[in-house]
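Next comes data-v7.pdb, with PDB, C-alpha atoms.
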```pdb
ATOM      1  CA  MET G   5      25.608  24.138   1.369
ATOM      2  CA  ARG G   6      22.691  22.056   0.132
ATOM      3  CA  GLY G   7      19.355  23.873   0.188
ATOM      4  CA  THR G   8      16.656  21.873   1.990
ATOM      5  CA  THR G   9      13.306  23.477   2.706
ATOM      6  CA  ASP G  10      11.445  20.427   4.085
ATOM      7  CA  ASP G  11       8.466  22.066   2.378
ATOM      8  CA  PRO G  12       6.951  20.333  -0.661
ATOM      9  CA  VAL G  13       4.970  23.462  -1.536
ATOM     10  CA  ILE G  14       8.178  25.448  -2.035
ATOM     11  CA  ASP G  15       9.872  22.574  -3.866
ATOM     12  CA  ASN G  16       6.908  22.275  -6.243
ATOM     13  CA  ARG G  17       6.958  25.974  -7.133
ATOM     14  CA  VAL G  18       6.661  26.375 -10.910
ATOM     15  CA  ARG G  19       9.851  27.764 -12.468
ATOM     16  CA  TRP G  20       8.414  28.603 -15.898
ATOM     17  CA  ASP G  21       8.574  32.342 -16.614
ATOM     18  CA  PRO G  22       6.256  33.433 -19.456
ATOM     19  CA  THR G  23       8.517  36.429 -20.183
ATOM     20  CA  ASP G  24      11.618  34.265 -20.752
ATOM     21  CA  ALA G  25      12.393  33.396 -24.395
ATOM     22  CA  GLY G  26      15.292  31.088 -23.525
ATOM     23  CA  GLY G  27      13.222  27.893 -23.742
ATOM     24  CA  HIS G  28      11.898  25.852 -20.830
ATOM     25  CA  VAL G  29      10.611  22.371 -20.051
ATOM     26  CA  GLU G  30       9.173  21.523 -16.630
ATOM     27  CA  SER G  31       7.434  18.480 -15.204
ATOM     28  CA  HIS G  32       5.649  17.551 -11.998
ATOM     29  CA  PHE G  33       5.161  13.804 -11.925
ATOM     30  CA  LEU G  34       3.981  11.072  -9.594
ATOM     31  CA  ARG G  35       4.006   7.313  -9.539
ATOM     32  CA  ALA G  36       2.540   4.652  -7.277
ATOM     33  CA  VAL G  37       2.649   0.838  -7.073
ATOM     34  CA  SER G  38      -0.025  -1.549  -5.776
ATOM     35  CA  PRO G  39       0.771  -3.489  -2.578
ATOM     36  CA  ASP G  40       0.958  -6.777  -4.515
ATOM     37  CA  GLY G  41       3.337  -5.251  -7.073
ATOM     38  CA  ASP G  42       1.188  -6.214 -10.065
ATOM     39  CA  ARG G  43       0.074  -2.698 -11.047
ATOM     40  CA  ALA G  44       1.634   0.737 -11.186
ATOM     41  CA  LEU G  45       0.550   4.171 -12.355
ATOM     42  CA  TRP G  46       2.448   7.216 -13.597
ATOM     43  CA  VAL G  47       1.115  10.744 -14.133
ATOM     44  CA  ARG G  48       3.048  13.718 -15.524
ATOM     45  CA  HIS G  49       2.177  17.412 -15.853
ATOM     46  CA  THR G  50       4.445  19.225 -18.327
ATOM     47  CA  LEU G  51       4.989  22.839 -19.382
ATOM     48  CA  LEU G  52       6.996  23.194 -22.617
ATOM     49  CA  SER G  53       8.004  26.559 -24.069
ATOM     50  CA  PRO G  54      10.151  26.634 -27.238
ATOM     51  CA  ARG G  55      13.406  28.513 -27.410
ATOM     52  CA  GLY G  56      13.060  32.014 -28.845
ATOM     53  CA  ARG G  57       9.324  32.389 -28.183
ATOM     54  CA  ALA G  58       8.296  33.760 -24.797
ATOM     55  CA  GLY G  59       4.879  32.978 -23.378
ATOM     56  CA  VAL G  60       3.858  30.295 -25.863
ATOM     57  CA  GLY G  61       4.065  26.518 -25.909
ATOM     58  CA  VAL G  62       2.028  23.576 -24.673
ATOM     59  CA  ALA G  63       0.826  22.258 -21.333
ATOM     60  CA  GLU G  64       0.459  18.466 -21.292
ATOM     61  CA  SER G  65      -1.172  15.792 -19.142
ATOM     62  CA  TRP G  66       0.452  12.361 -19.459
ATOM     63  CA  ALA G  67      -0.503   9.036 -17.877
ATOM     64  CA  ILE G  68       0.597   5.408 -18.096
ATOM     65  CA  ALA G  69      -0.939   2.266 -16.602
ATOM     66  CA  PHE G  70       1.500  -0.592 -15.985
ATOM     67  CA  GLU G  71       0.153  -4.104 -15.378
ATOM     68  CA  ARG G  72       2.483  -7.038 -14.989
ATOM     69  CA  GLY G  73       2.362  -9.358 -18.003
ATOM     70  CA  ARG G  74       0.632  -6.792 -20.250
ATOM     71  CA  PRO G  75       1.938  -3.962 -22.459
ATOM     72  CA  PRO G  76       1.721  -0.497 -20.855
ATOM     73  CA  THR G  77      -1.288   1.669 -21.700
ATOM     74  CA  ALA G  78      -0.531   5.367 -22.200
ATOM     75  CA  ALA G  79      -2.269   8.588 -23.198
ATOM     76  CA  LYS G  80      -1.491  12.304 -23.421
ATOM     77  CA  SER G  81      -3.611  15.448 -23.710
ATOM     78  CA  ALA G  82      -2.383  18.974 -24.454
ATOM     79  CA  ILE G  83      -3.610  22.566 -24.414
ATOM     80  CA  PRO G  84      -1.856  25.870 -25.249
ATOM     81  CA  ILE G  85       0.382  26.830 -22.358
ATOM     82  CA  GLU G  86      -1.330  30.199 -21.984
ATOM     83  CA  GLN G  87      -4.550  28.346 -21.075
ATOM     84  CA  ALA G  88      -2.916  26.516 -18.163
ATOM     85  CA  ARG G  89      -3.364  27.880 -14.643
ATOM     86  CA  VAL G  90      -0.382  28.081 -12.333
ATOM     87  CA  ASP G  91      -0.790  29.079  -8.690
ATOM     88  CA  ALA G  92       2.044  29.685  -6.235
ATOM     89  CA  SER G  93       0.149  29.949  -2.948
ATOM     90  CA  PRO G  94      -1.579  27.648  -2.460
ATOM     91  CA  PHE G  95       0.375  25.579  -4.974
ATOM     92  CA  GLY G  96      -1.589  24.344  -7.968
ATOM     93  CA  ILE G  97      -1.343  23.521 -11.680
ATOM     94  CA  ALA G  98      -4.442  23.140 -13.859
ATOM     95  CA  ILE G  99      -4.152  21.776 -17.418
ATOM     96  CA  GLY G 100      -7.732  21.550 -18.635
ATOM     97  CA  PRO G 101      -9.459  19.019 -16.338
ATOM     98  CA  THR G 102      -6.111  17.892 -14.894
ATOM     99  CA  VAL G 103      -5.191  19.472 -11.559
ATOM    100  CA  LEU G 104      -2.203  18.931  -9.271
ATOM    101  CA  GLU G 105      -2.304  20.450  -5.786
ATOM    102  CA  THR G 106      -0.471  19.753  -2.557
ATOM    103  CA  GLY G 107      -1.365  16.171  -1.689
ATOM    104  CA  ARG G 108      -3.962  15.852  -4.446
ATOM    105  CA  ALA G 109      -4.061  14.942  -8.152
ATOM    106  CA  ARG G 110      -7.034  14.493 -10.432
ATOM    107  CA  GLY G 111      -7.357  14.531 -14.182
ATOM    108  CA  ALA G 112      -7.585  12.749 -17.493
ATOM    109  CA  ALA G 113      -5.582  12.041 -20.638
ATOM    110  CA  ARG G 114      -6.810  10.771 -24.009
ATOM    111  CA  SER G 115      -4.923   9.779 -27.138
ATOM    112  CA  GLY G 116      -4.302   6.828 -29.428
ATOM    113  CA  GLY G 117      -7.669   5.301 -28.608
ATOM    114  CA  HIS G 118      -6.945   5.182 -24.881
ATOM    115  CA  ALA G 119      -8.534   7.107 -22.012
ATOM    116  CA  LEU G 120      -6.921   7.305 -18.575
ATOM    117  CA  GLY G 121      -8.270   9.154 -15.558
ATOM    118  CA  TRP G 122      -7.289   9.561 -11.926
ATOM    119  CA  ASP G 123      -8.435  10.967  -8.600
ATOM    120  CA  LEU G 124      -5.686  10.538  -6.022
ATOM    121  CA  ALA G 125      -4.733  11.804  -2.590
ATOM    122  CA  PHE G 126      -1.229  11.306  -1.225
ATOM    123  CA  GLU G 127       0.402  11.729   2.161
ATOM    124  CA  PRO G 128       4.147  12.046   2.853
ATOM    125  CA  VAL G 129       6.052   9.330   4.702
ATOM    126  CA  ALA G 130       9.389  11.183   4.387
ATOM    127  CA  PRO G 131      10.458  14.841   4.039
ATOM    128  CA  PRO G 132      11.526  16.315   0.666
ATOM    129  CA  PHE G 133      14.774  15.164  -0.939
ATOM    130  CA  HIS G 134      17.172  17.443  -2.847
ATOM    131  CA  PRO G 135      19.470  15.263  -4.978
ATOM    132  CA  PHE G 136      21.981  18.004  -5.826
ATOM    133  CA  PRO G 137      24.572  18.637  -3.081
ATOM    134  CA  PHE G 138      24.933  22.405  -3.620
ATOM    135  CA  GLU G 139      22.288  25.128  -3.820
ATOM    136  CA  ARG G 140      24.162  26.786  -6.692
ATOM    137  CA  MET G 141      23.374  23.741  -8.817
ATOM    138  CA  TYR G 142      19.700  24.721  -8.537
ATOM    139  CA  GLU G 143      20.169  28.439  -9.029
ATOM    140  CA  GLY G 144      23.025  28.496 -11.564
ATOM    141  CA  ALA G 145      23.228  27.594 -15.248
ATOM    142  CA  PHE G 146      24.842  24.183 -14.624
ATOM    143  CA  PRO G 147      23.361  21.654 -14.913
ATOM    144  CA  LYS G 148      20.727  22.699 -17.439
ATOM    145  CA  SER G 149      18.224  20.204 -16.017
ATOM    146  CA  LYS G 150      17.268  20.534 -12.319
ATOM    147  CA  THR G 151      15.472  17.995 -10.138
ATOM    148  CA  LEU G 152      13.799  17.932  -6.718
ATOM    149  CA  THR G 153      11.717  15.290  -4.977
ATOM    150  CA  PRO G 154       9.050  16.939  -2.802
ATOM    151  CA  TYR G 155       7.688  13.498  -1.806
ATOM    152  CA  PRO G 156      10.360  10.752  -1.966
ATOM    153  CA  ASP G 157       8.097   8.376  -0.054
ATOM    154  CA  ALA G 158       4.313   8.702   0.088
ATOM    155  CA  THR G 159       1.107   6.687   0.352
ATOM    156  CA  PHE G 160      -1.656   7.046  -2.258
ATOM    157  CA  ASP G 161      -5.408   6.486  -2.066
ATOM    158  CA  GLY G 162      -8.171   7.024  -4.608
ATOM    159  CA  SER G 163      -8.759   5.558  -8.053
ATOM    160  CA  PHE G 164      -7.154   5.212 -11.491
ATOM    161  CA  ASP G 165      -9.268   4.478 -14.579
ATOM    162  CA  VAL G 166      -7.851   2.569 -17.566
ATOM    163  CA  ASP G 167     -10.066   2.501 -20.672
ATOM    164  CA  GLY G 168     -13.213   2.273 -18.562
ATOM    165  CA  ALA G 169     -11.850  -0.166 -15.952
ATOM    166  CA  ARG G 170     -11.390   1.282 -12.469
ATOM    167  CA  TRP G 171      -8.330   0.447 -10.378
ATOM    168  CA  PRO G 172      -8.966   1.060  -6.661
ATOM    169  CA  VAL G 173      -5.904   2.700  -5.112
ATOM    170  CA  ALA G 174      -5.623   2.030  -1.379
ATOM    171  CA  GLY G 175      -2.346   2.381   0.484
ATOM    172  CA  TRP G 176      -0.203   2.272  -2.663
ATOM    173  CA  ARG G 177       3.397   3.370  -2.081
ATOM    174  CA  GLY G 178       4.810   6.011  -4.382
ATOM    175  CA  MET G 179       6.479   9.380  -4.813
ATOM    176  CA  GLN G 180       6.126  12.791  -6.453
ATOM    177  CA  GLY G 181       8.949  14.596  -8.238
ATOM    178  CA  HIS G 182       9.662  17.894  -9.964
ATOM    179  CA  ASN G 183      12.197  18.767 -12.660
ATOM    180  CA  TRP G 184      12.811  21.724 -14.943
ATOM    181  CA  GLY G 185      15.408  23.337 -17.176
ATOM    182  CA  ARG G 186      16.476  24.504 -20.629
ATOM    183  CA  SER G 187      16.394  20.921 -21.904
ATOM    184  CA  HIS G 188      16.391  17.308 -20.810
ATOM    185  CA  ALA G 189      19.821  15.847 -20.149
ATOM    186  CA  HIS G 190      21.431  14.666 -23.388
ATOM    187  CA  VAL G 191      21.281  11.066 -22.146
ATOM    188  CA  TYR G 192      20.266   9.956 -18.667
ATOM    189  CA  ALA G 193      19.007   7.246 -16.332
ATOM    190  CA  TRP G 194      16.805   7.701 -13.277
ATOM    191  CA  GLY G 195      15.720   5.092 -10.764
ATOM    192  CA  GLN G 196      13.531   5.118  -7.656
ATOM    193  CA  CYS G 197      11.967   2.593  -5.287
ATOM    194  CA  ASN G 198      10.164   2.606  -1.943
ATOM    195  CA  SER G 199       8.354  -0.753  -2.085
ATOM    196  CA  TRP G 200      10.595  -3.712  -1.281
ATOM    197  CA  ALA G 201      10.362  -7.485  -1.522
ATOM    198  CA  HIS G 202      13.449  -8.078   0.629
ATOM    199  CA  GLY G 203      15.739  -6.210   3.004
ATOM    200  CA  ALA G 204      13.623  -3.416   4.498
ATOM    201  CA  ASP G 205      12.156  -3.792   8.005
ATOM    202  CA  GLY G 206      10.605  -0.305   7.924
ATOM    203  CA  PRO G 207      10.108   2.636   5.556
ATOM    204  CA  ALA G 208      12.977   2.783   3.054
ATOM    205  CA  TRP G 209      13.469   4.569  -0.222
ATOM    206  CA  PHE G 210      16.109   4.824  -2.932
ATOM    207  CA  GLU G 211      16.572   7.446  -5.634
ATOM    208  CA  GLY G 212      19.428   7.855  -8.088
ATOM    209  CA  LEU G 213      20.215   9.535 -11.362
ATOM    210  CA  THR G 214      23.011   9.756 -13.871
ATOM    211  CA  GLY G 215      23.403  11.819 -17.018
ATOM    212  CA  ARG G 216      25.742  13.121 -19.660
ATOM    213  CA  VAL G 217      25.524  16.868 -20.134
ATOM    214  CA  LYS G 218      26.485  18.810 -23.217
ATOM    215  CA  VAL G 219      28.618  21.915 -22.689
ATOM    216  CA  GLY G 220      28.842  23.510 -26.112
ATOM    217  CA  PRO G 221      29.948  20.750 -28.503
ATOM    218  CA  MET G 222      31.479  18.698 -25.656
ATOM    219  CA  LEU G 223      29.631  15.762 -24.078
ATOM    220  CA  LEU G 224      30.771  15.377 -20.467
ATOM    221  CA  PRO G 225      31.308  11.947 -18.853
ATOM    222  CA  TRP G 226      28.548  10.445 -16.722
ATOM    223  CA  LEU G 227      27.676  12.455 -13.596
ATOM    224  CA  SER G 228      25.863  10.378 -10.957
ATOM    225  CA  LEU G 229      24.013  10.947  -7.675
ATOM    226  CA  ALA G 230      22.118   8.588  -5.399
ATOM    227  CA  ALA G 231      20.661   8.273  -1.922
ATOM    228  CA  LEU G 232      19.319   5.409   0.149
ATOM    229  CA  HIS G 233      17.157   5.945   3.220
ATOM    230  CA  VAL G 234      16.998   2.857   5.425
ATOM    231  CA  ALA G 235      16.700   2.174   9.164
ATOM    232  CA  GLY G 236      15.985   5.851   9.850
ATOM    233  CA  GLU G 237      19.152   7.168   8.159
ATOM    234  CA  THR G 238      19.681   8.736   4.730
ATOM    235  CA  HIS G 239      22.945   7.761   3.043
ATOM    236  CA  ARG G 240      23.830  10.304   0.362
ATOM    237  CA  PHE G 241      26.292   9.619  -2.430
ATOM    238  CA  ASP G 242      26.725  13.095  -3.852
ATOM    239  CA  GLY G 243      30.372  14.077  -3.370
ATOM    240  CA  ALA G 244      32.924  14.589  -6.145
ATOM    241  CA  LYS G 245      33.996  10.930  -6.053
ATOM    242  CA  ALA G 246      30.437   9.679  -6.385
ATOM    243  CA  MET G 247      29.394  12.164  -9.043
ATOM    244  CA  THR G 248      32.341  11.382 -11.302
ATOM    245  CA  THR G 249      32.316   7.598 -10.879
ATOM    246  CA  ARG G 250      33.324   5.675 -13.983
ATOM    247  CA  ALA G 251      31.603   2.539 -12.666
ATOM    248  CA  THR G 252      28.399   3.418 -14.538
ATOM    249  CA  ASP G 253      26.761   1.318 -17.228
ATOM    250  CA  VAL G 254      23.619   2.549 -18.963
ATOM    251  CA  GLY G 255      21.981   0.387 -21.614
ATOM    252  CA  TRP G 256      18.684   0.588 -23.406
ATOM    253  CA  TYR G 257      16.921  -1.443 -20.700
ATOM    254  CA  ARG G 258      19.216  -1.254 -17.656
ATOM    255  CA  TRP G 259      21.323   0.912 -15.363
ATOM    256  CA  SER G 260      24.067  -0.253 -13.027
ATOM    257  CA  ALA G 261      26.566   1.769 -11.030
ATOM    258  CA  THR G 262      28.802   1.740  -7.968
ATOM    259  CA  LEU G 263      29.087   5.007  -6.038
ATOM    260  CA  ALA G 264      31.442   5.758  -3.153
ATOM    261  CA  LYS G 265      31.517   8.347  -0.396
ATOM    262  CA  GLY G 266      33.991   8.029   2.430
ATOM    263  CA  ASP G 267      34.123   4.378   3.518
ATOM    264  CA  ALA G 268      30.642   3.645   2.143
ATOM    265  CA  ARG G 269      29.736   2.048  -1.193
ATOM    266  CA  LEU G 270      26.375   1.877  -2.927
ATOM    267  CA  ARG G 271      25.884  -0.653  -5.694
ATOM    268  CA  LEU G 272      22.747  -0.496  -7.816
ATOM    269  CA  ASP G 273      21.492  -2.775 -10.587
ATOM    270  CA  ILE G 274      18.145  -1.983 -12.229
ATOM    271  CA  GLU G 275      16.682  -3.485 -15.387
ATOM    272  CA  ALA G 276      13.401  -3.867 -17.221
ATOM    273  CA  ALA G 277      12.271  -6.228 -19.942
ATOM    274  CA  ARG G 278      11.802  -4.489 -23.274
ATOM    275  CA  ASP G 279       8.084  -5.360 -23.351
ATOM    276  CA  ASP G 280       7.586  -3.726 -19.932
ATOM    277  CA  LEU G 281       8.896  -0.355 -21.138
ATOM    278  CA  ALA G 282       6.741   2.456 -22.518
ATOM    279  CA  GLY G 283       8.427   4.583 -25.172
ATOM    280  CA  LEU G 284       7.686   8.304 -24.797
ATOM    281  CA  HIS G 285       8.581  11.252 -27.038
ATOM    282  CA  TYR G 286      10.084  14.019 -24.878
ATOM    283  CA  GLU G 287      10.414  17.201 -26.899
ATOM    284  CA  ASN G 288      13.133  19.693 -25.960
ATOM    285  CA  PRO G 289      12.755  23.488 -26.202
ATOM    286  CA  ASP G 290      15.144  23.538 -29.180
ATOM    287  CA  GLY G 291      12.834  21.191 -31.101
ATOM    288  CA  SER G 292      15.017  18.086 -30.743
ATOM    289  CA  MET G 293      13.531  14.861 -29.424
ATOM    290  CA  THR G 294      14.593  12.610 -26.547
ATOM    291  CA  HIS G 295      13.235   9.071 -26.329
ATOM    292  CA  CYS G 296      12.292   8.175 -22.739
ATOM    293  CA  LEU G 297      12.050   4.445 -22.039
ATOM    294  CA  ASN G 298       9.832   4.238 -18.988
ATOM    295  CA  SER G 299       8.996   1.369 -16.610
ATOM    296  CA  LYS G 300       7.432   1.419 -13.162
ATOM    297  CA  LEU G 301       7.709  -2.349 -12.620
ATOM    298  CA  ALA G 302      11.446  -2.831 -13.150
ATOM    299  CA  ARG G 303      13.609  -5.269 -11.191
ATOM    300  CA  GLY G 304      16.476  -4.031  -9.077
ATOM    301  CA  THR G 305      18.886  -4.513  -6.203
ATOM    302  CA  VAL G 306      20.534  -1.847  -4.055
ATOM    303  CA  THR G 307      23.484  -2.863  -1.865
ATOM    304  CA  LEU G 308      24.982  -0.623   0.833
ATOM    305  CA  THR G 309      28.349  -1.513   2.373
ATOM    306  CA  ARG G 310      30.127   0.403   5.158
ATOM    307  CA  ALA G 311      33.280  -0.395   7.070
ATOM    308  CA  GLY G 312      32.470  -2.340  10.223
ATOM    309  CA  GLU G 313      28.720  -2.487   9.477
ATOM    310  CA  PRO G 314      26.547  -5.330   8.173
ATOM    311  CA  GLU G 315      25.855  -5.206   4.461
ATOM    312  CA  VAL G 316      22.370  -3.950   3.545
ATOM    313  CA  VAL G 317      20.749  -5.528   0.481
ATOM    314  CA  LEU G 318      17.324  -4.378  -0.743
ATOM    315  CA  ARG G 319      15.542  -6.041  -3.666
ATOM    316  CA  SER G 320      12.341  -5.248  -5.501
ATOM    317  CA  ASP G 321      10.481  -5.821  -8.756
ATOM    318  CA  ARG G 322       8.735  -2.444  -8.315
ATOM    319  CA  PHE G 323      11.496  -0.025  -9.314
ATOM    320  CA  ALA G 324      10.860   3.036 -11.417
ATOM    321  CA  LEU G 325      13.385   3.145 -14.268
ATOM    322  CA  GLU G 326      13.567   5.862 -16.899
ATOM    323  CA  LEU G 327      16.227   5.913 -19.601
ATOM    324  CA  GLY G 328      16.621   8.953 -21.848
ATOM    325  CA  THR G 329      18.406   8.463 -25.147
ATOM    326  CA  LYS G 330      19.050  10.127 -28.496
ATOM    327  CA  ASP G 331      19.740   6.722 -30.048
ATOM    328  CA  HIS G 332      16.426   5.669 -31.544
ATOM    329  CA  GLY G 333      17.445   2.094 -32.302
ATOM    330  CA  HIS G 334      16.331   0.750 -28.915
ATOM    331  CA  GLY G 335      13.421  -1.309 -30.242
ATOM    332  CA  VAL G 336      10.887  -0.108 -27.658
ATOM    333  CA  PRO G 337       7.508   0.877 -29.207
ATOM    334  CA  MET G 338       6.944   4.625 -28.923
ATOM    335  CA  ILE G 339       3.367   4.771 -27.665
ATOM    336  CA  VAL G 340       3.021   8.474 -26.786
TER     337      VAL G 340
END
```
Structure translated into structure tokens:
Amino acid sequence: MRGTTDDPVIDNRVRWDPTDAGGHVESHFLRAVSPDGDRALWVRHTLLSPRGRAGVGVAESWAIAFERGRPPTAAKSAIPIEQARVDASPFGIAIGPTVLETGRARGAARSGGHALGWDLAFEPVAPPFHPFPFERMYEGAFPKSKTLTPYPDATFDGSFDVDGARWPVAGWRGMQGHNWGRSHAHVYAWGQCNSWAHGADGPAWFEGLTGRVKVGPMLLPWLSLAALHVAGETHRFDGAKAMTTRATDVGWYRWSATLAKGDARLRLDIEAARDDLAGLHYENPDGSMTHCLNSKLARGTVTLTRAGEPEVVLRSDRFALELGTKDHGHGVPMIV
């Protein structure tokens, strides 16, 4: 049985345990896109504790500004993890001046000559989404990396500052997610969209992920999950046939897949130009490094087909696309 709380406060609960020496990485992140699709923002709050050392590590504030036709601007700030404040009720994370609360985010990040700041409020359009089909996948050891989406569809208002220039944020569509675990997936792709150029007559959102997990020395085949909410109905592709699909292609700048469940098929094609990707260093608790290639203005198409029903085709140039790789020959500048 899939666990669904319909409560973003519970889904955002911090899983880091300062007494656990097993290693932990955890992120609460949000992204939003301007109504004209020319700008996007991304903010990430991370707790990283190395394997073998309980109660120590770093707490980080990340931010990226995406503007169509220009290279992404990124910055990151960090403090010792023991200086971060974590509250369960009411939910809250404070990393220096950066604070995430239910429906509110404010903060700043500085590095590499760049300074980003934000003061944002967000309201849900849809209830929380749990990508994994079984509760034991959240509570058990497999997979090592867990993910929840407390706000799969939300509206954002406030401001975002980029090196002294203020971006007004009014009615931007976006989301807020939460992931945690012993490490990032060995390689992975994640995509999300809720702002469409074609195909959606009302609120609609898509989220999907695929990854290859290491079990001991063995690297498992791709495991994939996806969901599309359109016309008031959520179509989940999370059964055994969908999760083990071999119709998955992950490149340095793209992700395509076809997932099936019953008589339904979901085809997704997402890609970003190399110059639109921000390269990020994601450290794992064991000290290894994952390169995350990150775009919030990617192009994509999602196609839903069902027996006896009209085909649904949604297109956008406002997809979120993140590609995690251990292969460092991708050619994307690593800017944070």
Just say which residues the PyMOL selection byres ((chain G and resi 231) around 10) picks in this file, as a ChimeraX atom specification. /G:133-135,196,209-213,229-230,232-234,238-242,263,270
Taking into account all atoms listed in the file, which residue in the set G:Glu287, G:Glu313, G:Asp253, G:Asp331 is nearest to G:Arg271?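 Smallest separation from G:Arg271 among the options: G:Asp253.
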G:Val37, G:Leu227, G:Cys296, G:Tyr155 ranked by distance to G:Ala174, top pick (using only C-alpha atoms):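 For G:Ala174, the nearest of the given residues is G:Val37.
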Can you pull out the residues contacting G:Gly41? Cut-off 9 Å, using only C-alpha atoms, and skip same-chain residues under 3 positions away; I want them as a JSON list (two decimals) with C-alpha atoms, in the coordinates of the input.
```json
[["chain", "number", "residue", "atom", "x", "y", "z"],
["G", 37, "VAL", "CA", 2.65, 0.84, -7.07],
["G", 38, "SER", "CA", -0.02, -1.55, -5.78],
["G", 44, "ALA", "CA", 1.63, 0.74, -11.19],
["G", 71, "GLU", "CA", 0.15, -4.10, -15.38],
["G", 72, "ARG", "CA", 2.48, -7.04, -14.99],
["G", 199, "SER", "CA", 8.35, -0.75, -2.08],
["G", 301, "LEU", "CA", 7.71, -2.35, -12.62],
["G", 321, "ASP", "CA", 10.48, -5.82, -8.76],
["G", 322, "ARG", "CA", 8.74, -2.44, -8.32]]
```
Test item: residues at most 8 Å from G:Leu272, all atoms listed in the file, excluding those fewer than 3 positions along its chain, as a list in words: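 So the residues in contact are Trp259, Ser260, Ala261, Thr262, Gly304, Thr305, Val306 and Thr307 of chain G.
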Pick from G:Tyr142, G:Tyr286, G:Trp226, G:Trp20 nearest to G:Tyr192, counting all atoms listed in the file: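 When distances to G:Tyr192 are compared using all atoms listed in the file, the smallest one comes from G:Trp226.
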Shell of 12 Å around G:Leu223, all atoms listed in the file, local chain residues under 4 positions omitted, as a list in words: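 Once the nearby chain positions are removed, what remains is Ala189, His190, Val191, Gly215, Arg216, Val217, Lys218, Val219 and Leu227 of chain G.
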Explicit residues for the PyMOL selection byres ((chain G and resi 81-95) around 9) (as a ChimeraX atom specification): /G:13-14,16-18,22,51-53,59-66,79-80,96-100,104-106,112-115
Please produce a file of the residues just selected, as an mmCIF file, keeping the file's coordinate frame, where the atoms kept are C-alpha atoms.
```
data_model
loop_
_atom_site.group_PDB
_atom_site.id
_atom_site.type_symbol
_atom_site.label_atom_id
_atom_site.label_comp_id
_atom_site.auth_asym_id
_atom_site.auth_seq_id
_atom_site.Cartn_x
_atom_site.Cartn_y
_atom_site.Cartn_z
ATOM 1 C CA VAL G 13 4.970 23.462 -1.536
ATOM 2 C CA ILE G 14 8.178 25.448 -2.035
ATOM 3 C CA ASN G 16 6.908 22.275 -6.243
ATOM 4 C CA ARG G 17 6.958 25.974 -7.133
ATOM 5 C CA VAL G 18 6.661 26.375 -10.910
ATOM 6 C CA PRO G 22 6.256 33.433 -19.456
ATOM 7 C CA LEU G 51 4.989 22.839 -19.382
ATOM 8 C CA LEU G 52 6.996 23.194 -22.617
ATOM 9 C CA SER G 53 8.004 26.559 -24.069
ATOM 10 C CA GLY G 59 4.879 32.978 -23.378
ATOM 11 C CA VAL G 60 3.858 30.295 -25.863
ATOM 12 C CA GLY G 61 4.065 26.518 -25.909
ATOM 13 C CA VAL G 62 2.028 23.576 -24.673
ATOM 14 C CA ALA G 63 0.826 22.258 -21.333
ATOM 15 C CA GLU G 64 0.459 18.466 -21.292
ATOM 16 C CA SER G 65 -1.172 15.792 -19.142
ATOM 17 C CA TRP G 66 0.452 12.361 -19.459
ATOM 18 C CA ALA G 79 -2.269 8.588 -23.198
ATOM 19 C CA LYS G 80 -1.491 12.304 -23.421
ATOM 20 C CA GLY G 96 -1.589 24.344 -7.968
ATOM 21 C CA ILE G 97 -1.343 23.521 -11.680
ATOM 22 C CA ALA G 98 -4.442 23.140 -13.859
ATOM 23 C CA ILE G 99 -4.152 21.776 -17.418
ATOM 24 C CA GLY G 100 -7.732 21.550 -18.635
ATOM 25 C CA LEU G 104 -2.203 18.931 -9.271
ATOM 26 C CA GLU G 105 -2.304 20.450 -5.786
ATOM 27 C CA THR G 106 -0.471 19.753 -2.557
ATOM 28 C CA ALA G 112 -7.585 12.749 -17.493
ATOM 29 C CA ALA G 113 -5.582 12.041 -20.638
ATOM 30 C CA ARG G 114 -6.810 10.771 -24.009
ATOM 31 C CA SER G 115 -4.923 9.779 -27.138
#
```
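Note that atom CA of G:Gly121 and atom CA of G:Gly107 are 17.0 Å apart.
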